[in-house]
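Trainee: What follows is a single structure, and I will ask about it in a moment.
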Amino acid sequence: MTTDLTLVVTAHDETAVCGPTMRSADLAVEAARAAGLTVQAIVGLDLATEATASYFRHPRFDHWERWEYDEGDLGRVRNAIVPRTDGRLIAFLDADDLFSENWLVQAVRALDAAAERGERAIAHPELTMVFDGDRAVLVNLPDDSPLFTPHYLYVRHCYDSLLMAPREAHLEIPYVSRDVPNGLSFQDFQFTIESLDAGWRHVVVPDTVIFKRRRDFSLVTESNTRRSVVRSVPAMAIDRVRSLGARRPR
């Protein structure tokens with residue numbers, strides 16, 4: 001029997017902040033199961049500190065599978081986890097972030113509706129709310145919005161890495177390794193560009209929210225401090241960027 005959804009929480013050096021994260025994850029999983037979905041729940045411990053590993057060994061998390069890795073890289077650990085999962089759809093959550101209780105249910109429905117239309121799609125929440133070390137509310141746009149332009153990808157990323165996608169998308173387009181000292185760390189940014197170029201739609205799920213924590217030493221904070229950029233991606237060439245995403249079904 002195929003599992004509808006795999007939820008992966010990746011943990012590295014988080015401890016007390018994981019409490020709200022896991023509470024939000026459990027509530028979303030409960031809502032998904034109440035809606036009739038089958039859910040595989042995994043904590044991916046990637047080069048986890050002893051404090052983080054000890055936190056997740058607590059019996060309160062015994063209903064989660066715990067997988068250990070030594071990648072030390074958010075993209076590479078996702079690449080390692082995905083082939084082992086059971087779900088036809090994969091959702092990610094970082095161990096210091098949160099999402100709304102309805103996110104899993106509504107994202108699955110949005111992706112299933114896209115599949116019925118013959119579209120290969122990746123789902124994002126309607127809002128991304130940044131808190132703690134920074135404060136912002138970002139409104140995500142579907143890639144068929146009249147306000148969406150691929151040229152925006154020259155300067156900023158449109159979406160966050162906490163998305164839901166068919167397992168196939170991650171197998172087809174693995175994340176690249178980051179190289180922060182050389183200014184190359186925006187793996188999810190490149191995933192968006194390459195998936196658009198491969199014909200994947202990026203849809204937005206109404207009335208859903210993901211909450212992103214900005215810690216003093218988070219990857220995003222470090223990347224911005226070092227003025228990180230995206231690698232040279234052929235799809236962003238000046239004579240190609242205007243048609244980025246044009247291969248998707250209409």
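Starting from 1 in every chain, residues are counted up; chains themselves are A, B, ... following the order of the structure tokens, and ligands are numbered from 1 as listed.
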Which parts of region 64-201 of chain A does DSSP call strand (DSSP E or B) when run on the backbone here, written out as number ranges by chain?
Mentor: A: 65-69, 87-94, 98-99, 121-132, 136-139, 164-166, 179, 184, 201
Trainee: Taking 6 positions as the minimum chain separation for residues in the same chain, which residues sit within 9 Å of Glu101 (chain A) when counting only C-alpha atoms? Answer as a PyMOL selection string.
Mentor: chain A and resi 24-32+208-209
Trainee: Residues of the last selection are to be written out with N, CA, C and O atoms, as a JSON list (two decimals), in the first residue's frame.
Mentor:
[["chain", "number", "residue", "atom", "x", "y", "z"],
["A", 24, "SER", "N", 3.65, 21.53, 16.51],
["A", 24, "SER", "CA", 2.95, 21.91, 15.28],
["A", 24, "SER", "C", 2.94, 20.75, 14.29],
["A", 24, "SER", "O", 1.95, 20.53, 13.58],
["A", 25, "ALA", "N", 4.05, 20.01, 14.23],
["A", 25, "ALA", "CA", 4.12, 18.86, 13.32],
["A", 25, "ALA", "C", 3.12, 17.78, 13.72],
["A", 25, "ALA", "O", 2.41, 17.21, 12.87],
["A", 26, "ASP", "N", 3.05, 17.48, 15.02],
["A", 26, "ASP", "CA", 2.11, 16.46, 15.49],
["A", 26, "ASP", "C", 0.67, 16.85, 15.20],
["A", 26, "ASP", "O", -0.15, 16.02, 14.78],
["A", 27, "LEU", "N", 0.33, 18.12, 15.41],
["A", 27, "LEU", "CA", -1.03, 18.57, 15.14],
["A", 27, "LEU", "C", -1.36, 18.45, 13.65],
["A", 27, "LEU", "O", -2.48, 18.05, 13.28],
["A", 28, "ALA", "N", -0.40, 18.80, 12.79],
["A", 28, "ALA", "CA", -0.63, 18.70, 11.35],
["A", 28, "ALA", "C", -0.76, 17.25, 10.91],
["A", 28, "ALA", "O", -1.59, 16.92, 10.04],
["A", 29, "VAL", "N", 0.05, 16.37, 11.49],
["A", 29, "VAL", "CA", -0.04, 14.94, 11.16],
["A", 29, "VAL", "C", -1.38, 14.37, 11.63],
["A", 29, "VAL", "O", -2.04, 13.60, 10.91],
["A", 30, "GLU", "N", -1.81, 14.75, 12.84],
["A", 30, "GLU", "CA", -3.11, 14.30, 13.33],
["A", 30, "GLU", "C", -4.23, 14.74, 12.41],
["A", 30, "GLU", "O", -5.16, 13.98, 12.11],
["A", 31, "ALA", "N", -4.17, 15.99, 11.94],
["A", 31, "ALA", "CA", -5.20, 16.50, 11.04],
["A", 31, "ALA", "C", -5.19, 15.74, 9.72],
["A", 31, "ALA", "O", -6.25, 15.44, 9.15],
["A", 32, "ALA", "N", -3.99, 15.42, 9.23],
["A", 32, "ALA", "CA", -3.88, 14.68, 7.97],
["A", 32, "ALA", "C", -4.47, 13.27, 8.11],
["A", 32, "ALA", "O", -5.22, 12.80, 7.23],
["A", 208, "THR", "N", -2.78, 28.81, 4.29],
["A", 208, "THR", "CA", -1.76, 28.03, 5.00],
["A", 208, "THR", "C", -0.56, 28.92, 5.30],
["A", 208, "THR", "O", -0.28, 29.88, 4.57],
["A", 209, "VAL", "N", 0.14, 28.59, 6.38],
["A", 209, "VAL", "CA", 1.26, 29.41, 6.85],
["A", 209, "VAL", "C", 2.42, 28.53, 7.29],
["A", 209, "VAL", "O", 2.22, 27.49, 7.92]]
Trainee: Report, in Å with one decimal, the straight-line distance from CA of Ala34 (chain A) to CA of Thr3 (chain A).
Mentor: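 Straight-line distance from CA of Ala34 (chain A) to CA of Thr3 (chain A) works out to 14.7 Å.
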Trainee: I'd like the neighbourhood of Ala110 (chain A) as a PyMOL selection string, where a residue qualifies if any of its atoms comes within 7 Å (using only C-alpha atoms), though same-chain residues fewer than 4 positions away should be ignored.
Mentor: chain A and resi 106+114+205
Trainee: Any idea what the distance is between CA of Thr49 (chain A) and CA of Thr10 (chain A)?
Mentor: 12.6 Å
